[in-house]
Each structure stands twice: as structure tokens, then as C-alpha cells.
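Undergrad: target07.cif is reproduced in full below (mmCIF, C-alpha atoms).
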```
data_target
loop_
_atom_site.group_PDB
_atom_site.id
_atom_site.type_symbol
_atom_site.label_atom_id
_atom_site.label_comp_id
_atom_site.auth_asym_id
_atom_site.auth_seq_id
_atom_site.Cartn_x
_atom_site.Cartn_y
_atom_site.Cartn_z
ATOM 1 C CA MET A 78 -5.462 -17.808 43.698
ATOM 2 C CA ASN A 79 -2.834 -15.428 42.392
ATOM 3 C CA HIS A 80 -0.287 -13.926 44.762
ATOM 4 C CA ALA A 81 -0.816 -10.415 43.387
ATOM 5 C CA LEU A 82 -4.427 -10.391 44.600
ATOM 6 C CA ASN A 83 -4.685 -12.872 47.458
ATOM 7 C CA GLU A 84 -4.024 -10.286 50.161
ATOM 8 C CA THR A 85 -7.467 -8.798 49.506
ATOM 9 C CA ILE A 86 -9.551 -11.871 48.581
ATOM 10 C CA GLU A 87 -11.532 -13.646 51.284
ATOM 11 C CA PRO A 88 -10.783 -17.385 51.597
ATOM 12 C CA GLY A 89 -13.451 -19.433 49.849
ATOM 13 C CA TYR A 90 -14.529 -16.709 47.421
ATOM 14 C CA GLU A 91 -15.184 -18.250 43.993
ATOM 15 C CA ARG A 92 -15.521 -15.884 41.064
ATOM 16 C CA PRO A 93 -18.148 -15.952 38.296
ATOM 17 C CA ARG A 94 -17.181 -17.758 35.094
ATOM 18 C CA ASP A 95 -19.528 -16.377 32.420
ATOM 19 C CA PRO A 96 -21.787 -13.346 31.784
ATOM 20 C CA VAL A 97 -24.839 -14.891 33.511
ATOM 21 C CA GLU A 98 -22.940 -15.629 36.711
ATOM 22 C CA ILE A 99 -21.317 -12.171 36.547
ATOM 23 C CA TRP A 100 -24.738 -10.522 36.192
ATOM 24 C CA LEU A 101 -26.238 -12.493 39.080
ATOM 25 C CA ALA A 102 -23.251 -11.893 41.359
ATOM 26 C CA ARG A 103 -23.464 -8.157 40.683
ATOM 27 C CA LYS A 104 -27.189 -8.055 41.437
ATOM 28 C CA TRP A 105 -26.738 -10.032 44.642
ATOM 29 C CA GLN A 106 -23.949 -7.655 45.667
ATOM 30 C CA TYR A 107 -26.257 -4.685 45.049
ATOM 31 C CA ILE A 108 -29.169 -6.228 46.962
ATOM 32 C CA LEU A 109 -27.232 -7.758 49.862
ATOM 33 C CA GLY A 110 -24.621 -5.028 50.164
ATOM 34 C CA PHE A 111 -21.489 -7.152 49.761
ATOM 35 C CA ALA A 112 -19.726 -9.288 47.162
ATOM 36 C CA VAL A 113 -20.877 -12.901 46.842
ATOM 37 C CA GLY A 114 -19.088 -15.964 45.502
ATOM 38 C CA ILE A 115 -20.916 -18.233 43.083
ATOM 39 C CA ARG A 116 -21.403 -21.071 45.610
ATOM 40 C CA GLU A 117 -22.553 -19.070 48.633
ATOM 41 C CA ASN A 118 -26.135 -19.765 49.753
ATOM 42 C CA PHE A 119 -28.346 -16.687 49.340
ATOM 43 C CA PHE A 120 -30.230 -17.259 52.571
ATOM 44 C CA GLY A 121 -27.188 -18.560 54.436
ATOM 45 C CA ILE A 122 -25.373 -15.231 53.977
ATOM 46 C CA GLY A 123 -28.255 -13.033 55.095
ATOM 47 C CA GLY A 124 -30.752 -12.878 52.215
ATOM 48 C CA ASN A 125 -34.446 -12.945 53.089
ATOM 49 C CA SER A 126 -37.716 -13.300 51.216
ATOM 50 C CA LEU A 127 -37.900 -9.585 50.397
ATOM 51 C CA ASP A 128 -34.364 -9.702 49.001
ATOM 52 C CA ALA A 129 -35.307 -12.766 46.953
ATOM 53 C CA ALA A 130 -38.279 -10.888 45.498
ATOM 54 C CA ARG A 131 -35.918 -8.071 44.446
ATOM 55 C CA VAL A 132 -33.704 -10.600 42.664
ATOM 56 C CA ILE A 133 -36.733 -12.017 40.822
ATOM 57 C CA ASP A 134 -37.861 -8.500 39.843
ATOM 58 C CA ALA A 135 -34.381 -7.691 38.505
ATOM 59 C CA ILE A 136 -34.419 -10.905 36.449
ATOM 60 C CA LEU A 137 -37.787 -9.950 34.977
ATOM 61 C CA VAL A 138 -36.459 -6.536 33.923
ATOM 62 C CA GLU A 139 -33.198 -7.860 32.443
ATOM 63 C CA PHE A 140 -34.259 -11.184 30.922
ATOM 64 C CA ASP A 141 -38.013 -10.630 30.428
ATOM 65 C CA VAL A 142 -38.792 -13.886 32.229
ATOM 66 C CA GLN A 143 -41.004 -14.254 35.297
ATOM 67 C CA LEU A 144 -39.562 -16.819 37.696
ATOM 68 C CA PRO A 145 -41.586 -18.339 40.563
ATOM 69 C CA LEU A 146 -41.143 -16.907 44.040
ATOM 70 C CA ASN A 147 -39.553 -20.117 45.314
ATOM 71 C CA VAL A 148 -36.821 -20.201 42.654
ATOM 72 C CA LEU A 149 -34.156 -19.029 45.098
ATOM 73 C CA THR A 150 -35.173 -21.683 47.592
ATOM 74 C CA GLU A 151 -34.592 -24.352 44.948
ATOM 75 C CA HIS A 152 -31.560 -22.619 43.377
ATOM 76 C CA PRO A 153 -29.967 -20.694 46.268
ATOM 77 C CA THR A 154 -26.530 -20.002 44.759
ATOM 78 C CA VAL A 155 -25.376 -17.897 41.825
ATOM 79 C CA GLU A 156 -24.059 -21.050 40.172
ATOM 80 C CA ARG A 157 -27.389 -22.902 40.416
ATOM 81 C CA LEU A 158 -29.646 -19.954 39.571
ATOM 82 C CA ALA A 159 -27.515 -19.268 36.497
ATOM 83 C CA THR A 160 -28.513 -22.677 35.100
ATOM 84 C CA VAL A 161 -32.113 -21.432 34.990
ATOM 85 C CA LEU A 162 -31.190 -18.241 33.131
ATOM 86 C CA ARG A 163 -28.695 -19.340 30.482
ATOM 87 C CA ALA A 164 -31.474 -20.099 28.007
ATOM 88 C CA TYR A 165 -32.385 -16.382 28.145
ATOM 89 C CA ALA A 166 -28.826 -15.010 28.154
ATOM 90 C CA GLY A 167 -28.599 -13.808 24.551
ATOM 91 C CA ARG A 168 -28.897 -10.194 25.657
ATOM 92 C CA LEU A 169 -25.696 -10.588 27.698
ATOM 93 C CA SER A 170 -23.592 -11.412 24.632
ATOM 94 C CA GLY A 171 -22.663 -7.784 23.878
ATOM 95 C CA PRO A 172 -19.189 -6.433 24.565
ATOM 96 C CA LEU A 173 -19.849 -4.505 27.782
ATOM 97 C CA VAL A 174 -20.099 -6.659 30.944
ATOM 98 C CA ALA A 175 -20.847 -4.773 34.159
ATOM 99 C CA ILE A 176 -18.917 -6.581 36.908
ATOM 100 C CA GLN A 177 -19.286 -4.191 39.845
ATOM 101 C CA ASP A 178 -21.434 -1.071 40.186
ATOM 102 C CA GLY A 179 -19.272 0.967 42.563
ATOM 103 C CA ASP A 180 -20.516 3.831 44.699
ATOM 104 C CA GLY A 181 -20.481 6.514 41.995
ATOM 105 C CA THR A 182 -17.591 8.500 43.469
ATOM 106 C CA ARG A 183 -15.051 7.424 40.834
ATOM 107 C CA PRO A 184 -15.152 6.884 37.087
ATOM 108 C CA PRO A 185 -15.533 3.226 36.050
ATOM 109 C CA LEU A 186 -12.604 1.054 35.082
ATOM 110 C CA PHE A 187 -13.002 -0.667 31.684
ATOM 111 C CA LEU A 188 -10.906 -3.824 31.258
ATOM 112 C CA VAL A 189 -10.583 -5.377 27.797
ATOM 113 C CA HIS A 190 -10.530 -9.134 27.298
ATOM 114 C CA PRO A 191 -7.283 -11.085 26.824
ATOM 115 C CA ASP A 192 -6.645 -13.392 23.864
ATOM 116 C CA ASN A 193 -9.374 -15.862 24.876
ATOM 117 C CA GLY A 194 -12.027 -13.132 24.562
ATOM 118 C CA GLN A 195 -13.438 -13.565 28.059
ATOM 119 C CA ALA A 196 -13.897 -10.905 30.731
ATOM 120 C CA ASP A 197 -14.445 -13.134 33.778
ATOM 121 C CA LEU A 198 -10.781 -13.049 34.887
ATOM 122 C CA TYR A 199 -11.359 -9.430 35.936
ATOM 123 C CA CYS A 200 -13.928 -10.422 38.590
ATOM 124 C CA LEU A 201 -11.209 -11.189 41.143
ATOM 125 C CA LEU A 202 -9.597 -7.826 40.469
ATOM 126 C CA ALA A 203 -12.916 -6.028 40.962
ATOM 127 C CA TYR A 204 -13.414 -7.880 44.244
ATOM 128 C CA ALA A 205 -9.893 -7.000 45.377
ATOM 129 C CA LEU A 206 -10.289 -3.322 44.454
ATOM 130 C CA GLY A 207 -13.314 -3.020 46.729
ATOM 131 C CA GLU A 208 -17.031 -2.544 46.214
ATOM 132 C CA GLU A 209 -16.677 1.241 45.914
ATOM 133 C CA TYR A 210 -14.988 0.817 42.509
ATOM 134 C CA ALA A 211 -17.096 0.428 39.360
ATOM 135 C CA VAL A 212 -15.604 -2.164 37.021
ATOM 136 C CA TYR A 213 -16.650 -3.264 33.538
ATOM 137 C CA GLY A 214 -15.221 -6.136 31.542
ATOM 138 C CA ILE A 215 -15.255 -6.076 27.757
ATOM 139 C CA GLN A 216 -15.733 -9.448 26.038
ATOM 140 C CA ALA A 217 -15.139 -10.413 22.416
ATOM 141 C CA ALA A 218 -17.858 -10.733 19.787
ATOM 142 C CA GLY A 219 -18.697 -14.302 18.857
ATOM 143 C CA LEU A 220 -17.922 -15.876 22.222
ATOM 144 C CA TYR A 221 -21.506 -16.163 23.465
ATOM 145 C CA SER A 222 -23.281 -15.762 20.119
ATOM 146 C CA ASP A 223 -22.878 -16.728 16.480
ATOM 147 C CA ALA A 224 -21.491 -13.292 15.564
ATOM 148 C CA GLU A 225 -18.276 -13.262 13.587
ATOM 149 C CA PRO A 226 -15.234 -12.350 15.724
ATOM 150 C CA ARG A 227 -13.480 -9.128 14.761
ATOM 151 C CA THR A 228 -10.020 -9.607 13.294
ATOM 152 C CA ALA A 229 -8.451 -6.148 13.654
ATOM 153 C CA VAL A 230 -7.334 -4.386 16.822
ATOM 154 C CA THR A 231 -8.612 -1.037 15.571
ATOM 155 C CA ALA A 232 -12.024 -2.483 14.673
ATOM 156 C CA MET A 233 -12.355 -3.948 18.150
ATOM 157 C CA ALA A 234 -11.264 -0.675 19.722
ATOM 158 C CA GLN A 235 -13.908 1.322 17.839
ATOM 159 C CA ALA A 236 -16.672 -1.212 18.583
ATOM 160 C CA TYR A 237 -15.832 -1.168 22.289
ATOM 161 C CA ILE A 238 -15.711 2.627 22.364
ATOM 162 C CA ASP A 239 -19.181 2.702 20.806
ATOM 163 C CA ALA A 240 -20.464 0.298 23.474
ATOM 164 C CA ILE A 241 -18.925 2.337 26.298
ATOM 165 C CA ARG A 242 -20.197 5.667 24.987
ATOM 166 C CA ALA A 243 -23.713 4.272 24.697
ATOM 167 C CA GLU A 244 -23.755 4.051 28.514
ATOM 168 C CA HIS A 245 -21.060 6.605 29.433
ATOM 169 C CA PRO A 246 -21.109 9.390 26.819
ATOM 170 C CA THR A 247 -18.393 11.419 28.553
ATOM 171 C CA GLY A 248 -15.163 10.642 30.362
ATOM 172 C CA PRO A 249 -12.943 10.322 32.166
ATOM 173 C CA TYR A 250 -12.248 6.822 30.869
ATOM 174 C CA LEU A 251 -10.037 4.443 32.831
ATOM 175 C CA LEU A 252 -8.820 1.696 30.490
ATOM 176 C CA GLY A 253 -6.797 -1.482 30.800
ATOM 177 C CA GLY A 254 -6.366 -5.008 29.585
ATOM 178 C CA CYS A 255 -4.301 -8.200 29.433
ATOM 179 C CA GLY A 256 -2.664 -9.684 26.353
ATOM 180 C CA ILE A 257 -4.339 -8.358 23.239
ATOM 181 C CA GLY A 258 -6.619 -6.427 25.589
ATOM 182 C CA ALA A 259 -3.710 -4.079 26.333
ATOM 183 C CA ALA A 260 -3.312 -3.354 22.612
ATOM 184 C CA ILE A 261 -7.056 -2.780 22.176
ATOM 185 C CA ALA A 262 -7.176 -0.506 25.235
ATOM 186 C CA TYR A 263 -4.215 1.407 23.758
ATOM 187 C CA GLU A 264 -6.099 2.031 20.501
ATOM 188 C CA MET A 265 -9.182 3.032 22.498
ATOM 189 C CA ALA A 266 -7.096 5.598 24.374
ATOM 190 C CA VAL A 267 -5.860 6.973 21.044
ATOM 191 C CA ARG A 268 -9.475 7.620 20.010
ATOM 192 C CA LEU A 269 -10.859 8.913 23.311
ATOM 193 C CA ASP A 270 -10.397 12.181 25.114
ATOM 194 C CA ASP A 271 -9.793 12.296 28.856
ATOM 195 C CA VAL A 272 -8.011 8.983 29.561
ATOM 196 C CA PRO A 273 -6.203 9.378 32.919
ATOM 197 C CA LEU A 274 -5.312 5.667 33.102
ATOM 198 C CA LEU A 275 -4.165 3.209 30.442
ATOM 199 C CA ALA A 276 -3.074 -0.024 32.138
ATOM 200 C CA ALA A 277 -1.283 -2.978 30.535
ATOM 201 C CA ILE A 278 -1.677 -5.874 32.981
ATOM 202 C CA ASP A 279 0.234 -9.135 33.047
ATOM 203 C CA ALA A 280 -2.479 -11.828 32.868
ATOM 204 C CA GLU A 281 -0.549 -14.036 35.287
ATOM 205 C CA LEU A 282 -1.185 -11.435 38.001
ATOM 206 C CA LEU A 283 -4.891 -12.277 37.672
ATOM 207 C CA GLN A 284 -5.000 -16.009 37.054
ATOM 208 C CA SER A 285 -2.941 -19.150 36.690
ATOM 209 C CA PRO A 286 -1.358 -19.559 33.242
ATOM 210 C CA ASP A 287 -3.091 -22.975 33.032
ATOM 211 C CA THR A 288 -6.440 -21.544 31.946
ATOM 212 C CA ILE A 289 -8.805 -21.614 28.983
ATOM 213 C CA THR A 290 -6.312 -21.140 26.154
ATOM 214 C CA GLY A 291 -3.022 -21.149 28.048
ATOM 215 C CA SER A 292 -1.357 -23.861 25.948
ATOM 216 C CA TRP A 293 -2.851 -22.926 22.565
ATOM 217 C CA PRO A 294 0.001 -20.669 21.332
ATOM 218 C CA ASP A 295 2.355 -23.676 21.492
ATOM 219 C CA GLU A 296 -0.104 -26.262 20.212
ATOM 220 C CA PRO A 297 -3.322 -24.921 18.610
ATOM 221 C CA PRO A 298 -6.105 -27.485 19.013
ATOM 222 C CA ARG A 299 -7.737 -29.386 16.202
ATOM 223 C CA GLN A 300 -11.514 -29.326 15.762
ATOM 224 C CA GLN A 301 -11.792 -32.974 16.845
ATOM 225 C CA ASP A 302 -10.000 -32.130 20.110
ATOM 226 C CA LEU A 303 -12.599 -29.575 21.233
ATOM 227 C CA PRO A 304 -15.056 -31.902 23.060
ATOM 228 C CA ARG A 305 -12.184 -33.277 25.151
ATOM 229 C CA ILE A 306 -10.913 -29.749 25.797
ATOM 230 C CA LEU A 307 -14.346 -28.563 26.910
ATOM 231 C CA ALA A 308 -14.636 -31.517 29.295
ATOM 232 C CA SER A 309 -11.223 -30.572 30.729
ATOM 233 C CA TRP A 310 -12.378 -26.971 31.275
ATOM 234 C CA GLN A 311 -15.463 -28.236 33.110
ATOM 235 C CA GLU A 312 -13.403 -30.619 35.228
ATOM 236 C CA ARG A 313 -11.081 -27.764 36.229
ATOM 237 C CA ASP A 314 -14.045 -25.489 37.031
ATOM 238 C CA LEU A 315 -13.076 -22.963 34.355
ATOM 239 C CA VAL A 316 -16.541 -22.967 32.759
ATOM 240 C CA PRO A 317 -20.010 -23.896 34.068
ATOM 241 C CA GLU A 318 -21.098 -27.523 33.887
ATOM 242 C CA ASP A 319 -24.025 -26.642 31.595
ATOM 243 C CA VAL A 320 -22.015 -24.530 29.134
ATOM 244 C CA GLU A 321 -23.101 -25.010 25.529
ATOM 245 C CA PRO A 322 -21.041 -27.567 23.557
ATOM 246 C CA GLU A 323 -20.490 -24.846 20.926
ATOM 247 C CA PHE A 324 -18.539 -22.764 23.428
ATOM 248 C CA ALA A 325 -15.267 -24.558 22.683
ATOM 249 C CA THR A 326 -15.665 -23.977 18.938
ATOM 250 C CA ARG A 327 -16.480 -20.312 19.519
ATOM 251 C CA SER A 328 -13.529 -19.960 21.886
ATOM 252 C CA LEU A 329 -11.180 -21.316 19.242
ATOM 253 C CA ARG A 330 -12.582 -18.926 16.586
ATOM 254 C CA VAL A 331 -12.238 -15.934 18.911
ATOM 255 C CA TRP A 332 -8.729 -16.920 19.968
ATOM 256 C CA GLN A 333 -7.631 -17.346 16.353
ATOM 257 C CA ALA A 334 -9.152 -13.989 15.402
ATOM 258 C CA ASN A 335 -7.291 -12.317 18.253
ATOM 259 C CA GLN A 336 -4.018 -13.979 17.234
ATOM 260 C CA ASP A 337 -4.485 -12.650 13.692
ATOM 261 C CA ALA A 338 -5.377 -9.201 14.993
ATOM 262 C CA ALA A 339 -2.307 -9.024 17.228
ATOM 263 C CA ARG A 340 -0.013 -10.181 14.419
ATOM 264 C CA ASP A 341 -1.317 -7.546 12.006
ATOM 265 C CA TRP A 342 -1.521 -4.636 14.454
ATOM 266 C CA THR A 343 0.401 -1.450 13.726
ATOM 267 C CA PRO A 344 0.080 0.879 16.743
ATOM 268 C CA SER A 345 -1.250 4.387 16.226
ATOM 269 C CA PRO A 346 0.667 7.329 17.710
ATOM 270 C CA TYR A 347 -0.242 8.026 21.345
ATOM 271 C CA ALA A 348 1.154 10.780 23.532
ATOM 272 C CA GLY A 349 -0.101 9.609 26.913
ATOM 273 C CA PRO A 350 1.635 7.310 29.426
ATOM 274 C CA ILE A 351 1.024 3.573 29.781
ATOM 275 C CA ASP A 352 1.054 2.009 33.247
ATOM 276 C CA VAL A 353 2.539 -1.494 32.965
ATOM 277 C CA PHE A 354 1.786 -3.977 35.757
ATOM 278 C CA GLY A 355 4.044 -7.034 35.870
ATOM 279 C CA ARG A 356 5.655 -8.345 32.716
ATOM 280 C CA GLN A 357 5.397 -6.552 29.411
ATOM 281 C CA PRO A 358 2.408 -7.814 27.381
ATOM 282 C CA ILE A 359 3.201 -10.339 24.662
ATOM 283 C CA THR A 360 1.435 -8.039 22.192
ATOM 284 C CA ALA A 361 4.223 -5.467 22.052
ATOM 285 C CA LEU A 362 3.342 -1.880 22.874
ATOM 286 C CA PRO A 363 5.155 0.896 20.985
ATOM 287 C CA ALA A 364 8.699 1.470 22.189
ATOM 288 C CA THR A 365 8.135 5.203 21.820
ATOM 289 C CA ALA A 366 5.308 5.243 24.381
ATOM 290 C CA VAL A 367 6.037 6.491 27.888
ATOM 291 C CA GLN A 368 5.780 3.420 30.123
ATOM 292 C CA ARG A 369 5.505 3.552 33.910
ATOM 293 C CA VAL A 370 6.332 0.091 35.260
ATOM 294 C CA HIS A 371 4.752 -1.169 38.485
ATOM 295 C CA GLU A 372 6.319 -4.248 40.051
ATOM 296 C CA CYS A 373 3.567 -6.594 41.174
ATOM 297 C CA GLY A 374 5.455 -9.818 41.844
ATOM 298 C CA ALA A 375 5.282 -12.216 44.751
ATOM 299 C CA ASP A 376 5.225 -9.325 47.217
ATOM 300 C CA GLY A 377 3.227 -6.970 45.022
ATOM 301 C CA ARG A 378 -0.417 -6.056 45.245
ATOM 302 C CA LEU A 379 -2.032 -5.251 41.928
ATOM 303 C CA ALA A 380 -5.277 -3.930 43.413
ATOM 304 C CA GLU A 381 -3.398 -1.624 45.779
ATOM 305 C CA ALA A 382 -1.328 -0.197 42.940
ATOM 306 C CA LEU A 383 -4.446 0.445 40.863
ATOM 307 C CA ARG A 384 -6.272 2.051 43.783
ATOM 308 C CA GLU A 385 -3.383 4.500 44.215
ATOM 309 C CA LEU A 386 -3.651 5.506 40.539
ATOM 310 C CA ILE A 387 -7.448 5.710 40.432
ATOM 311 C CA GLY A 388 -7.799 7.470 43.774
#
```
Will you turn the file into C-alpha cells for me?
TA:
Amino acid sequence: MNHALNETIEPGYERPRDPVEIWLARKWQYILGFAVGIRENFFGIGGNSLDAARVIDAILVEFDVQLPLNVLTEHPTVERLATVLRAYAGRLSGPLVAIQDGDGTRPPLFLVHPDNGQADLYCLLAYALGEEYAVYGIQAAGLYSDAEPRTAVTAMAQAYIDAIRAEHPTGPYLLGGCGIGAAIAYEMAVRLDDVPLLAAIDAELLQSPDTITGSWPDEPPRQQDLPRILASWQERDLVPEDVEPEFATRSLRVWQANQDAARDWTPSPYAGPIDVFGRQPITALPATAVQRVHECGADGRLAEALRELIG
């Protein structure tokens, strides 16, 4: 676990790794009243038969599939129940991924994917912020579907704004991201009114650098390497055991598209401040922008710093 968050993460908490596990964890949090790791037993942490029925009803509404009443007895963890639902998960492939509902007293925080296109690294941050904070991740097109990845920062920014406005037509909008996500969030802020927070977050404050695509900038993989790479991700518990074999190919396409987008990006003018947490993002932000740097090193607490800014 990363030092910038471990002060506020319960020992043994294991975060979701894909949109299905994120959706289930959020629903269990809503029904049970507290955050749940992917390997905690539903009934062992206080769930009962009425709670299980609410989970099944929520699955019917979201996935249009009627599961038997005993499904949670046979699949009592988020990890195991997710294996039942992945065949129906196409509707979770859009950009907006609700991670935590919050209590409605603050505007939601929207966190844009890093270079690998995934939003799951923000689950630990949501947990550390506290259940009163609403948090959304934004994932890249083409990661969980056959859609073509977008190859321009501005195109991604506009697509993500459209997705956000479909659910939240008015601000304020709290934005942030790691890696290329910081650049995309920057362009989103340019195009949105009422942006009180624009956060550029060092990805290493959220996760170990040895993750999905950590070594790819130095040595991009070849197509024939992808099955071995996927097996390594599974062995290191970075992706679910039943992830589709195509996921590695899609991950490479998304990563390459994001590399191209970052290389070709010319920042638009922006008058607002940028809050920088940890190291400067590799995707350089404009030198003319007002940057407020927050040290979140070995003794720093990223969630605490964000809570102070959000209120």
C-alpha cells in the first residue's frame, strides 16, 4: 500500500480491479453502510438475507439479469460475485465510473485515468477520503469494449465532459488525474465553468510503480508478449483471474493511444490554478499556469490534503 494513503486505509482492505468489482463494491457500501474490500464475506461483515435481496434487485436494474436468491450464499464476496456478472458488463464500458456515492453534501470529485486508461487506482483514494465524498473515475474508451481509443487530449476532454454533464449538468466540478489524466483534466477545466479544484496527482502516491504498464515506456511490449504479460498481471493480482484474454491487447492499444495523445498535446490557455500533489506529471503542464504544490511524500497524506481543499 502506498505511504501517502496508508494512514487512512484499514489493514486487509483490497480494492476493486475493474468496473464490475467497482460497481459491486459501491452497491455493497450503499446497502451495508460502509466500504467493503473485494474479498470480504457479505454475511461475515453483517449482511443479511434482506440486504442480499437488495443487491439482487440492484443487479436486475443495472444489468437486466435476474439472479437466484442464493447467489450471494454461493458467491459471497465482491470478487466471486463479479465472475457471475462480467458476461453482462458491456454497459459498464463507458467513461464514467461511479466509485463512491458520497452523502450529497459536497460536489463529486472526477478523476481521469492515467496512461493505462484504467480508473481502479482511484478506489483507494476514495476509501481514504471517506464515505461522505462522492468520487467518480473516468476510464478510457476501448479498454473494456472494441471501441477505438481516442488519440487526442482535447477529444478525450470533450468526450468526458459530455459524459459528466449527462449526469451532472451543472457544477461545481472538481477535477483531477494522474499522468495523461492530469493533461485531460486540465483541458476539461478549460472548457468548463465553475472548477474550484484542478488536481495533478503523482501516480506513485496512489500505487506502486510496478503496475499494469509501469515498464512499457522503457520497453513497449510486442504482440506475442501479451499472453505472458496478462498472466503476470493475474499472478500479481492486478486484474481478475477471469479477465478476458483480449484485455492485454486492448490495454496496449489504449496505452499507445495515450502516449500519442500526450506527445501531440498543445495546452490551451487556462487562467485558474493547478494543485500539484507529489512530483510534477510526466505530461508537462504549461509553465505559465499557476501551480500550488502540495508535498505528499513519506510523511504526507494525500487524502488529508484533498479533504482540506474540497471542504
Undergrad: Near stretch 165-179 of chain A, counting only C-alpha atoms, which residues have an atom at most 9 Å away, once you skip same-chain residues fewer than 2 positions from it, shown as a short mmCIF file (atom, residue, chain, number, x, y, z; two decimals) with C-alpha atoms, in the coordinates of the input?
TA:
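Once written, result.cif looks like this:
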```cif
data_model
loop_
_atom_site.label_atom_id
_atom_site.label_comp_id
_atom_site.auth_asym_id
_atom_site.auth_seq_id
_atom_site.Cartn_x
_atom_site.Cartn_y
_atom_site.Cartn_z
CA PRO A 96 -21.79 -13.35 31.78
CA VAL A 97 -24.84 -14.89 33.51
CA ILE A 99 -21.32 -12.17 36.55
CA TRP A 100 -24.74 -10.52 36.19
CA ALA A 102 -23.25 -11.89 41.36
CA ARG A 103 -23.46 -8.16 40.68
CA LYS A 104 -27.19 -8.06 41.44
CA GLN A 106 -23.95 -7.66 45.67
CA TYR A 107 -26.26 -4.68 45.05
CA ALA A 112 -19.73 -9.29 47.16
CA GLU A 139 -33.20 -7.86 32.44
CA PHE A 140 -34.26 -11.18 30.92
CA ASP A 141 -38.01 -10.63 30.43
CA VAL A 142 -38.79 -13.89 32.23
CA VAL A 161 -32.11 -21.43 34.99
CA LEU A 162 -31.19 -18.24 33.13
CA ARG A 163 -28.70 -19.34 30.48
CA GLY A 181 -20.48 6.51 42.00
CA THR A 182 -17.59 8.50 43.47
CA ARG A 183 -15.05 7.42 40.83
CA PRO A 185 -15.53 3.23 36.05
CA PHE A 187 -13.00 -0.67 31.68
CA ALA A 196 -13.90 -10.90 30.73
CA ASP A 197 -14.44 -13.13 33.78
CA TYR A 199 -11.36 -9.43 35.94
CA CYS A 200 -13.93 -10.42 38.59
CA ALA A 203 -12.92 -6.03 40.96
CA TYR A 204 -13.41 -7.88 44.24
CA GLY A 207 -13.31 -3.02 46.73
CA GLU A 208 -17.03 -2.54 46.21
CA GLU A 209 -16.68 1.24 45.91
CA TYR A 210 -14.99 0.82 42.51
CA ALA A 211 -17.10 0.43 39.36
CA VAL A 212 -15.60 -2.16 37.02
CA TYR A 213 -16.65 -3.26 33.54
CA GLY A 214 -15.22 -6.14 31.54
CA ILE A 215 -15.26 -6.08 27.76
CA GLN A 216 -15.73 -9.45 26.04
CA ALA A 217 -15.14 -10.41 22.42
CA ALA A 218 -17.86 -10.73 19.79
CA GLY A 219 -18.70 -14.30 18.86
CA LEU A 220 -17.92 -15.88 22.22
CA TYR A 221 -21.51 -16.16 23.46
CA SER A 222 -23.28 -15.76 20.12
CA ALA A 236 -16.67 -1.21 18.58
CA TYR A 237 -15.83 -1.17 22.29
CA ALA A 240 -20.46 0.30 23.47
CA ILE A 241 -18.92 2.34 26.30
#
```
Undergrad: Just the residues within 8 Å of A:Gly253, please, counting all atoms listed in the file, with nothing from its chain fewer than 3 positions along; format it as a VMD selection string.
TA: chain A and resid 186 to 189 258 to 259 262 274 to 278
Undergrad: What does the structure give for the distance between atom CA of A:Met233 and atom CA of A:Tyr347, in Å to one decimal?
TA: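 One can read the atom CA of A:Met233 to atom CA of A:Tyr347 distance as 17.3 Å.
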Undergrad: Using only C-alpha atoms, which of A:Val230, A:Ser345, A:Ala260, A:Ala205 sits nearest A:Ala380?
TA: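 For A:Ala380, the nearest of the candidates is A:Ala205.
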Undergrad: Measuring atom to atom with only C-alpha atoms, identify which of A:Leu201, A:Val353, A:Ala348, A:Ala338 is nearest to A:Arg268.
TA: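 So, comparing all the options, the nearest one is A:Ala348.
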Undergrad: Give the answer as one residue: which of A:Thr343, A:Thr160, A:Thr326, A:Thr154 has the shortest atom-to-atom distance to A:Ile261, using all atoms listed in the file?
TA: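 Smallest distance to A:Ile261 is found for A:Thr343.
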Undergrad: Run the PyMOL selection byres ((chain A and resi 306) around 12) against the file shown and list the residues it catches, as a PyMOL selection string.
TA: chain A and resi 288-293+297-305+307-313+315-316+322-326+328-329
Undergrad: Restricting the calculation to all atoms listed in the file: of A:Val331, A:Val113, A:Leu101, A:Leu379, which residue gets closest to A:Glu225?
TA: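 The answer is A:Val331, which sits nearest to A:Glu225.
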Undergrad: With only C-alpha atoms as the basis for distance, which of A:Ala229, A:Ala280, A:Cys373, A:Leu198 is at the shortest distance from A:Ala339?
TA: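 Residue with the minimum atom-to-atom distance to A:Ala339: A:Ala229.
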Undergrad: Name all residues at most 12 Å from A:Asp341 (count all atoms listed in the file; drop same-chain ones fewer than 5 positions away) and give them as a ChimeraX atom specification.
TA: /A:228-231,257,260,334-336,360-361
Undergrad: Now that the selection is made, can you save its residues with C-alpha atoms as a JSON list (two decimals), keeping the file's coordinate frame?
TA:
```json
[["chain", "number", "residue", "atom", "x", "y", "z"],
["A", 228, "THR", "CA", -10.02, -9.61, 13.29],
["A", 229, "ALA", "CA", -8.45, -6.15, 13.65],
["A", 230, "VAL", "CA", -7.33, -4.39, 16.82],
["A", 231, "THR", "CA", -8.61, -1.04, 15.57],
["A", 257, "ILE", "CA", -4.34, -8.36, 23.24],
["A", 260, "ALA", "CA", -3.31, -3.35, 22.61],
["A", 334, "ALA", "CA", -9.15, -13.99, 15.40],
["A", 335, "ASN", "CA", -7.29, -12.32, 18.25],
["A", 336, "GLN", "CA", -4.02, -13.98, 17.23],
["A", 360, "THR", "CA", 1.44, -8.04, 22.19],
["A", 361, "ALA", "CA", 4.22, -5.47, 22.05]]
```
Undergrad: Would you write out, as a PDB file with C-alpha atoms, in the coordinates of the input, every residue that the PyMOL selection byres ((chain A and resi 132) around 10) captures in this file?
TA:
```pdb
ATOM      1  CA  LEU A 101     -26.238 -12.493  39.080  1.00  0.00           C
ATOM      2  CA  LYS A 104     -27.189  -8.055  41.437  1.00  0.00           C
ATOM      3  CA  TRP A 105     -26.738 -10.032  44.642  1.00  0.00           C
ATOM      4  CA  TYR A 107     -26.257  -4.685  45.049  1.00  0.00           C
ATOM      5  CA  ILE A 108     -29.169  -6.228  46.962  1.00  0.00           C
ATOM      6  CA  SER A 126     -37.716 -13.300  51.216  1.00  0.00           C
ATOM      7  CA  LEU A 127     -37.900  -9.585  50.397  1.00  0.00           C
ATOM      8  CA  ASP A 128     -34.364  -9.702  49.001  1.00  0.00           C
ATOM      9  CA  ALA A 129     -35.307 -12.766  46.953  1.00  0.00           C
ATOM     10  CA  ALA A 130     -38.279 -10.888  45.498  1.00  0.00           C
ATOM     11  CA  ARG A 131     -35.918  -8.071  44.446  1.00  0.00           C
ATOM     12  CA  ILE A 133     -36.733 -12.017  40.822  1.00  0.00           C
ATOM     13  CA  ASP A 134     -37.861  -8.500  39.843  1.00  0.00           C
ATOM     14  CA  ALA A 135     -34.381  -7.691  38.505  1.00  0.00           C
ATOM     15  CA  ILE A 136     -34.419 -10.905  36.449  1.00  0.00           C
ATOM     16  CA  LEU A 137     -37.787  -9.950  34.977  1.00  0.00           C
ATOM     17  CA  LEU A 144     -39.562 -16.819  37.696  1.00  0.00           C
ATOM     18  CA  LEU A 146     -41.143 -16.907  44.040  1.00  0.00           C
ATOM     19  CA  LEU A 149     -34.156 -19.029  45.098  1.00  0.00           C
TER      20      LEU A 149
END
```
Undergrad: First collect every listed atom of stretch 119-123 of chain A; then fit an axis-aligned box around them, widen it by 4 Å on each side, and give centre and edge lengths in Å to one decimal, as AutoDock Vina command-line options.
TA:
```
--center_x -27.8 --center_y -15.8 --center_z 52.2 --size_x 12.9 --size_y 13.5 --size_z 13.8
```
